[in-house]
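The file structure27.txt contains compact mmCIF, C-alpha atoms:
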# COMPACT_ATOMS: atom_id res chain seq x y z
CA MET W 1 67.93 -159.69 54.35
CA ILE W 2 67.40 -157.51 57.45
CA GLU W 3 63.81 -156.98 58.55
CA LEU W 4 63.39 -153.71 60.43
CA ASP W 5 60.78 -153.42 63.16
CA SER W 6 58.79 -150.20 62.66
CA SER W 7 59.12 -149.45 66.39
CA VAL W 8 62.92 -149.12 66.07
CA HIS W 9 64.06 -145.55 66.75
CA PRO W 10 65.43 -143.80 63.60
CA GLU W 11 68.85 -143.41 65.24
CA LEU W 12 69.13 -147.20 65.50
CA VAL W 13 68.66 -147.92 61.79
CA PRO W 14 72.46 -147.97 61.14
CA LEU W 15 72.81 -150.49 64.01
CA SER W 16 69.62 -152.46 63.30
CA TRP W 17 71.47 -155.50 61.92
CA LEU W 18 72.75 -156.15 65.45
CA ILE W 19 69.31 -156.30 67.10
CA GLY W 20 68.42 -159.70 68.49
CA SER W 21 70.06 -162.62 70.29
CA TRP W 22 73.16 -164.36 68.95
CA GLU W 23 74.90 -167.52 70.12
CA GLY W 24 77.94 -169.50 69.07
CA VAL W 25 81.53 -170.38 69.83
CA GLY W 26 84.90 -168.72 69.69
CA VAL W 27 88.55 -168.89 70.68
CA VAL W 28 90.22 -166.96 73.52
CA GLY W 29 93.89 -166.61 74.39
CA TYR W 30 96.49 -163.92 74.99
CA ALA W 31 100.25 -163.51 75.16
CA ASP W 32 101.57 -166.59 77.00
CA THR W 33 98.09 -167.98 77.71
CA PRO W 34 97.12 -171.03 75.62
CA GLU W 35 94.05 -170.78 73.39
CA LYS W 36 90.78 -172.19 74.67
CA GLN W 37 87.33 -172.54 73.15
CA PHE W 38 84.40 -170.66 74.63
CA GLY W 39 80.67 -170.36 74.08
CA GLN W 40 78.87 -167.02 74.00
CA ARG W 41 75.45 -165.45 73.88
CA VAL W 42 75.13 -161.79 72.90
CA ASP W 43 71.90 -159.77 73.12
CA PHE W 44 71.30 -156.38 71.50
CA VAL W 45 67.95 -155.01 72.67
CA ALA W 46 66.16 -151.98 71.23
CA HIS W 47 63.60 -150.65 73.69
CA PRO W 48 60.69 -148.82 72.02
CA GLY W 49 61.34 -145.08 71.74
CA THR W 50 64.97 -145.20 72.92
CA PRO W 51 67.88 -144.12 70.66
CA PHE W 52 70.35 -146.70 72.00
CA LEU W 53 70.88 -150.45 72.12
CA GLN W 54 71.15 -152.30 75.40
CA TYR W 55 74.04 -154.79 75.15
CA ALA W 56 74.61 -157.94 77.19
CA ALA W 57 77.16 -160.69 76.56
CA HIS W 58 77.72 -163.89 78.50
CA ALA W 59 80.81 -165.96 77.67
CA TRP W 60 81.67 -169.32 79.18
CA LEU W 61 84.71 -171.56 78.92
CA LEU W 62 84.07 -174.90 77.21
CA SER W 63 85.65 -178.17 78.30
CA GLU W 64 87.35 -180.44 75.74
CA ASP W 65 84.05 -182.29 75.23
CA GLY W 66 82.17 -179.03 74.60
CA GLU W 67 80.48 -178.76 78.00
CA LEU W 68 80.19 -175.52 79.99
CA GLU W 69 83.17 -175.34 82.32
CA SER W 70 82.92 -171.86 83.89
CA THR W 71 81.74 -168.33 83.16
CA LEU W 72 84.44 -166.10 81.64
CA THR W 73 82.59 -162.79 81.72
CA LEU W 74 79.23 -161.06 81.79
CA GLU W 75 79.42 -157.76 79.89
CA THR W 76 76.72 -155.11 79.93
CA GLY W 77 76.53 -151.81 78.13
CA ILE W 78 74.96 -149.23 75.83
CA TRP W 79 75.66 -148.69 72.11
CA GLN W 80 74.51 -145.57 70.24
CA LEU W 81 75.27 -143.08 67.48
CA VAL W 82 77.49 -140.12 68.32
CA ARG W 83 75.56 -136.85 68.28
CA PRO W 84 75.17 -133.71 70.38
CA ARG W 85 72.86 -134.07 73.39
CA ASP W 86 70.39 -131.24 73.80
CA ALA W 87 67.27 -130.20 75.71
CA GLY W 88 65.29 -132.83 73.81
CA ASP W 89 67.26 -135.63 75.49
CA VAL W 90 66.94 -137.25 78.89
CA GLY W 91 69.70 -136.46 81.38
CA PRO W 92 71.96 -136.04 83.01
CA GLY W 93 70.64 -138.71 85.32
CA MET W 94 66.88 -139.05 84.82
CA LEU W 95 66.18 -135.38 84.10
CA VAL W 96 63.27 -135.18 81.68
CA PRO W 97 63.58 -133.44 78.29
CA THR W 98 62.38 -129.83 78.14
CA GLU W 99 62.04 -129.69 74.33
CA GLU W 100 61.00 -132.02 71.51
CA PRO W 101 63.66 -134.58 70.47
CA SER W 102 65.89 -133.50 67.55
CA PHE W 103 66.52 -136.83 65.81
CA THR W 104 63.12 -138.44 65.26
CA SER W 105 63.23 -138.87 61.48
CA ALA W 106 65.46 -140.60 58.94
CA ALA W 107 66.25 -137.20 57.41
CA ALA W 108 67.51 -135.87 60.75
CA VAL W 109 69.64 -138.98 61.33
CA GLU W 110 71.12 -138.63 57.82
CA THR W 111 72.70 -135.33 58.92
CA LEU W 112 74.94 -137.43 61.20
CA ARG W 113 76.42 -139.42 58.33
CA THR W 114 80.21 -139.10 57.96
CA ASN W 115 82.10 -138.25 54.76
CA ASP W 116 82.71 -141.96 54.08
CA GLU W 117 78.96 -142.71 54.29
CA GLY W 118 79.08 -144.27 57.76
CA PHE W 119 78.19 -143.06 61.24
CA GLU W 120 80.27 -142.44 64.35
CA ILE W 121 79.22 -144.61 67.29
CA GLU W 122 80.07 -144.97 70.95
CA ALA W 123 79.77 -147.97 73.23
CA GLU W 124 80.10 -148.22 76.99
CA ILE W 125 80.90 -151.74 78.23
CA VAL W 126 81.18 -152.76 81.89
CA HIS W 127 82.92 -155.96 83.02
CA PRO W 128 82.52 -157.77 86.37
CA HIS W 129 86.31 -157.68 86.91
CA GLY W 130 86.53 -153.97 87.84
CA VAL W 131 86.89 -152.65 84.27
CA MET W 132 84.76 -150.18 82.29
CA GLU W 133 85.49 -149.36 78.65
CA LEU W 134 84.28 -146.35 76.67
CA TYR W 135 84.69 -147.08 72.97
CA ALA W 136 84.60 -144.65 70.04
CA GLY W 137 84.09 -146.07 66.60
CA HIS W 138 82.39 -146.23 63.27
CA VAL W 139 79.58 -148.22 61.65
CA LYS W 140 79.38 -148.52 57.90
CA GLY W 141 76.90 -151.01 56.54
CA PRO W 142 77.17 -154.30 58.46
CA ARG W 143 80.60 -153.57 59.96
CA ILE W 144 81.62 -151.85 63.20
CA ASP W 145 85.13 -150.87 64.28
CA LEU W 146 85.67 -149.73 67.89
CA SER W 147 88.72 -148.49 69.84
CA THR W 148 88.84 -147.62 73.52
CA ASP W 149 88.80 -143.91 74.23
CA VAL W 150 88.78 -144.47 78.00
CA VAL W 151 89.51 -147.51 80.18
CA ALA W 152 88.62 -147.15 83.86
CA ARG W 153 89.71 -149.71 86.45
CA THR W 154 89.03 -150.26 90.13
CA LYS W 155 92.02 -150.60 92.44
CA THR W 156 91.51 -154.39 92.51
CA ALA W 157 91.36 -154.86 88.71
CA LYS W 158 94.15 -156.44 86.69
CA GLU W 159 96.22 -154.14 84.50
CA TYR W 160 94.32 -153.39 81.27
CA THR W 161 95.01 -150.30 79.14
CA ALA W 162 93.35 -150.45 75.70
CA SER W 163 91.41 -152.56 73.25
CA THR W 164 89.85 -152.66 69.81
CA ARG W 165 86.83 -154.63 68.67
CA MET W 166 85.45 -155.37 65.22
CA TYR W 167 81.96 -156.70 64.48
CA GLY W 168 80.62 -157.76 61.11
CA LEU W 169 77.61 -159.50 59.61
CA VAL W 170 78.90 -162.18 57.22
CA GLY W 171 76.50 -164.63 55.57
CA GLY W 172 73.87 -163.91 58.22
CA GLU W 173 76.29 -164.63 61.09
CA LEU W 174 77.71 -162.13 63.59
CA MET W 175 81.50 -162.37 63.61
CA TRP W 176 83.68 -160.38 65.97
CA ALA W 177 87.32 -160.00 66.98
CA TRP W 178 88.81 -158.37 70.09
CA ASP W 179 92.41 -157.22 70.53
CA MET W 180 93.64 -155.87 73.88
CA ALA W 181 96.65 -154.38 75.66
CA ALA W 182 96.90 -155.81 79.18
CA LEU W 183 99.24 -157.31 81.78
CA GLY W 184 102.20 -155.37 80.40
CA HIS W 185 101.67 -156.46 76.77
CA GLU W 186 101.05 -154.35 73.67
CA LEU W 187 97.77 -154.53 71.73
CA ALA W 188 97.42 -158.12 70.48
CA THR W 189 94.82 -160.70 69.50
CA HIS W 190 92.67 -161.77 72.43
CA SER W 191 89.47 -163.46 71.23
CA SER W 192 87.07 -163.92 68.34
CA ALA W 193 83.78 -165.70 67.72
CA ARG W 194 81.17 -166.61 65.13
CA LEU W 195 77.57 -166.33 66.34
CA LYS W 196 74.29 -167.39 64.78
CA LYS W 197 71.08 -165.43 65.28
CA LEU W 198 68.56 -167.20 67.49
CA ALA W 199 64.99 -167.48 66.17

Let me see the structure of the file written as structure tokens.
Amino acid sequence: MIELDSSVHPELVPLSWLIGSWEGVGVVGYADTPEKQFGQRVDFVAHPGTPFLQYAAHAWLLSEDGELESTLTLETGIWQLVRPRDAGDVGPGMLVPTEEPSFTSAAAVETLRTNDEGFEIEAEIVHPHGVMELYAGHVKGPRIDLSTDVVARTKTAKEYTASTRMYGLVGGELMWAWDMAALGHELATHSSARLKKLA
């Protein structure tokens, strides 16, 4: 059962099952690279009054005896529902709103529901390896499907062109899978994990 904090913004209700800290293990590999086990902690933070989730994920390679070997990545980002931005929203930059917010009630958020009873979402994820991903996707119940709409790379980044991610809440655990197209390969399995919610 999901307990919803009354301070959670109405726009975050469809994503509320993500909120909190999760930790567990997974498997990573790709193309000709052998599979390895990794540990991961993922945090989804809802700041009071904000219509987005702050995302942070730390993954580390595990040695054969289960000890931390080295950090694989530190991802940061923002996850939110897709909707028009208007004068009631902050931005661009830190420009303050000039009108009252438009989506402050459950009824207003319901107008964003798609024909299949879900919601469109977007996620921006930044990696420390010179890669930024802009994902477009869909949340329906405790399942999220994301596909890259844009991948931006610095001139020093390795070749990376697209990815998909799937997240689901199964038996109280957060399970996810990530496929990617990189290093001259087509979209293929890259990593997956099973995470338990921390108390």

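Separating CA of Thr73 in chain W from CA of Phe119 in chain W is a distance of 28.8 Å.
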
Exercise for review: Counting only C-alpha atoms, write as an MDAnalysis selection string all protein and nucleic acid residues lying at most 10 Å from (64.3, -167.1, 65.5) in the file's frame.
Suggested key: chainID W and resid 20:22 197:199

Exercise for review: Could you jot down the CA of Gly141 in chain W to CA of Ser16 in chain W separation for me, Å, one decimal place?
Suggested key: 10.0 Å

For a cut-off of 9 Å around (65.1, -143.8, 75.2), file coordinates, pick out all residues using all atoms listed in the file and list them as an mmCIF file with C-alpha atoms, in the frame of the given file.
data_model
loop_
_atom_site.group_PDB
_atom_site.id
_atom_site.type_symbol
_atom_site.label_atom_id
_atom_site.label_comp_id
_atom_site.auth_asym_id
_atom_site.auth_seq_id
_atom_site.Cartn_x
_atom_site.Cartn_y
_atom_site.Cartn_z
ATOM 1 C CA HIS W 9 64.060 -145.550 66.750
ATOM 2 C CA HIS W 47 63.600 -150.650 73.690
ATOM 3 C CA PRO W 48 60.690 -148.820 72.020
ATOM 4 C CA GLY W 49 61.340 -145.080 71.740
ATOM 5 C CA THR W 50 64.970 -145.200 72.920
ATOM 6 C CA PRO W 51 67.880 -144.120 70.660
ATOM 7 C CA PHE W 52 70.350 -146.700 72.000
ATOM 8 C CA ASP W 89 67.260 -135.630 75.490
ATOM 9 C CA VAL W 90 66.940 -137.250 78.890
#

Point to revise | d(CA of Asp145 in chain W, CA of Gln54 in chain W) in Å | key: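 Answer for the CA of Asp145 in chain W to CA of Gln54 in chain W separation: 17.9 Å.
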
Rebuild range 177-188 of chain W to all heavy atoms - output it as a short mmCIF file (atom, residue, chain, number, x, y, z; two decimals), in the frame of the given file, please.
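After the write, selection30.cif holds the following:
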data_model
loop_
_atom_site.label_atom_id
_atom_site.label_comp_id
_atom_site.auth_asym_id
_atom_site.auth_seq_id
_atom_site.Cartn_x
_atom_site.Cartn_y
_atom_site.Cartn_z
N ALA W 177 85.94 -159.78 66.54
CA ALA W 177 87.32 -160.00 66.98
C ALA W 177 87.68 -158.91 67.97
O ALA W 177 87.29 -157.76 67.81
CB ALA W 177 88.27 -159.97 65.79
N TRP W 178 88.45 -159.28 69.00
CA TRP W 178 88.81 -158.37 70.09
C TRP W 178 90.31 -158.45 70.33
O TRP W 178 90.84 -159.52 70.59
CB TRP W 178 88.02 -158.79 71.33
CG TRP W 178 88.22 -158.02 72.59
CD1 TRP W 178 88.97 -156.91 72.79
CD2 TRP W 178 87.63 -158.33 73.86
NE1 TRP W 178 88.89 -156.49 74.10
CE2 TRP W 178 88.07 -157.36 74.77
CE3 TRP W 178 86.78 -159.34 74.30
CZ2 TRP W 178 87.68 -157.36 76.11
CZ3 TRP W 178 86.40 -159.34 75.63
CH2 TRP W 178 86.84 -158.35 76.52
N ASP W 179 90.99 -157.33 70.19
CA ASP W 179 92.41 -157.22 70.53
C ASP W 179 92.52 -156.39 71.81
O ASP W 179 91.71 -155.47 72.01
CB ASP W 179 93.21 -156.52 69.42
CG ASP W 179 93.29 -157.34 68.14
OD1 ASP W 179 92.81 -158.49 68.13
OD2 ASP W 179 93.83 -156.81 67.16
N MET W 180 93.50 -156.66 72.66
CA MET W 180 93.64 -155.87 73.88
C MET W 180 95.11 -155.69 74.25
O MET W 180 95.98 -156.46 73.84
CB MET W 180 92.87 -156.49 75.05
CG MET W 180 93.44 -157.76 75.61
SD MET W 180 92.50 -158.30 77.07
CE MET W 180 93.48 -159.73 77.55
N ALA W 181 95.34 -154.63 75.05
CA ALA W 181 96.65 -154.38 75.66
C ALA W 181 96.45 -154.53 77.16
O ALA W 181 95.70 -153.77 77.78
CB ALA W 181 97.14 -152.97 75.32
N ALA W 182 97.11 -155.51 77.75
CA ALA W 182 96.90 -155.81 79.18
C ALA W 182 98.10 -156.55 79.74
O ALA W 182 98.91 -157.12 78.99
CB ALA W 182 95.64 -156.64 79.37
N LEU W 183 98.22 -156.54 81.07
CA LEU W 183 99.24 -157.31 81.78
C LEU W 183 100.65 -157.03 81.26
O LEU W 183 101.49 -157.92 81.19
CB LEU W 183 98.92 -158.81 81.70
CG LEU W 183 97.50 -159.23 82.12
CD1 LEU W 183 97.31 -160.72 81.90
CD2 LEU W 183 97.23 -158.83 83.56
N GLY W 184 100.89 -155.77 80.87
CA GLY W 184 102.20 -155.37 80.40
C GLY W 184 102.48 -155.64 78.94
O GLY W 184 103.57 -155.38 78.46
N HIS W 185 101.49 -156.14 78.18
CA HIS W 185 101.67 -156.46 76.77
C HIS W 185 101.07 -155.37 75.88
O HIS W 185 100.14 -154.67 76.27
CB HIS W 185 101.01 -157.80 76.44
CG HIS W 185 101.60 -158.96 77.17
ND1 HIS W 185 102.81 -159.51 76.83
CD2 HIS W 185 101.15 -159.66 78.24
CE1 HIS W 185 103.09 -160.51 77.64
NE2 HIS W 185 102.09 -160.62 78.52
N GLU W 186 101.60 -155.26 74.68
CA GLU W 186 101.05 -154.35 73.67
C GLU W 186 99.74 -154.91 73.13
O GLU W 186 99.41 -156.08 73.37
CB GLU W 186 102.05 -154.18 72.52
CG GLU W 186 103.37 -153.54 72.92
CD GLU W 186 103.21 -152.10 73.34
OE1 GLU W 186 102.43 -151.37 72.69
OE2 GLU W 186 103.87 -151.68 74.32
N LEU W 187 99.02 -154.10 72.35
CA LEU W 187 97.77 -154.53 71.73
C LEU W 187 98.01 -155.79 70.89
O LEU W 187 98.89 -155.81 70.03
CB LEU W 187 97.23 -153.40 70.85
CG LEU W 187 95.77 -153.46 70.43
CD1 LEU W 187 94.86 -153.31 71.64
CD2 LEU W 187 95.47 -152.37 69.41
N ALA W 188 97.26 -156.85 71.18
CA ALA W 188 97.42 -158.12 70.48
C ALA W 188 96.12 -158.89 70.48
O ALA W 188 95.21 -158.61 71.28
CB ALA W 188 98.52 -158.95 71.15
#
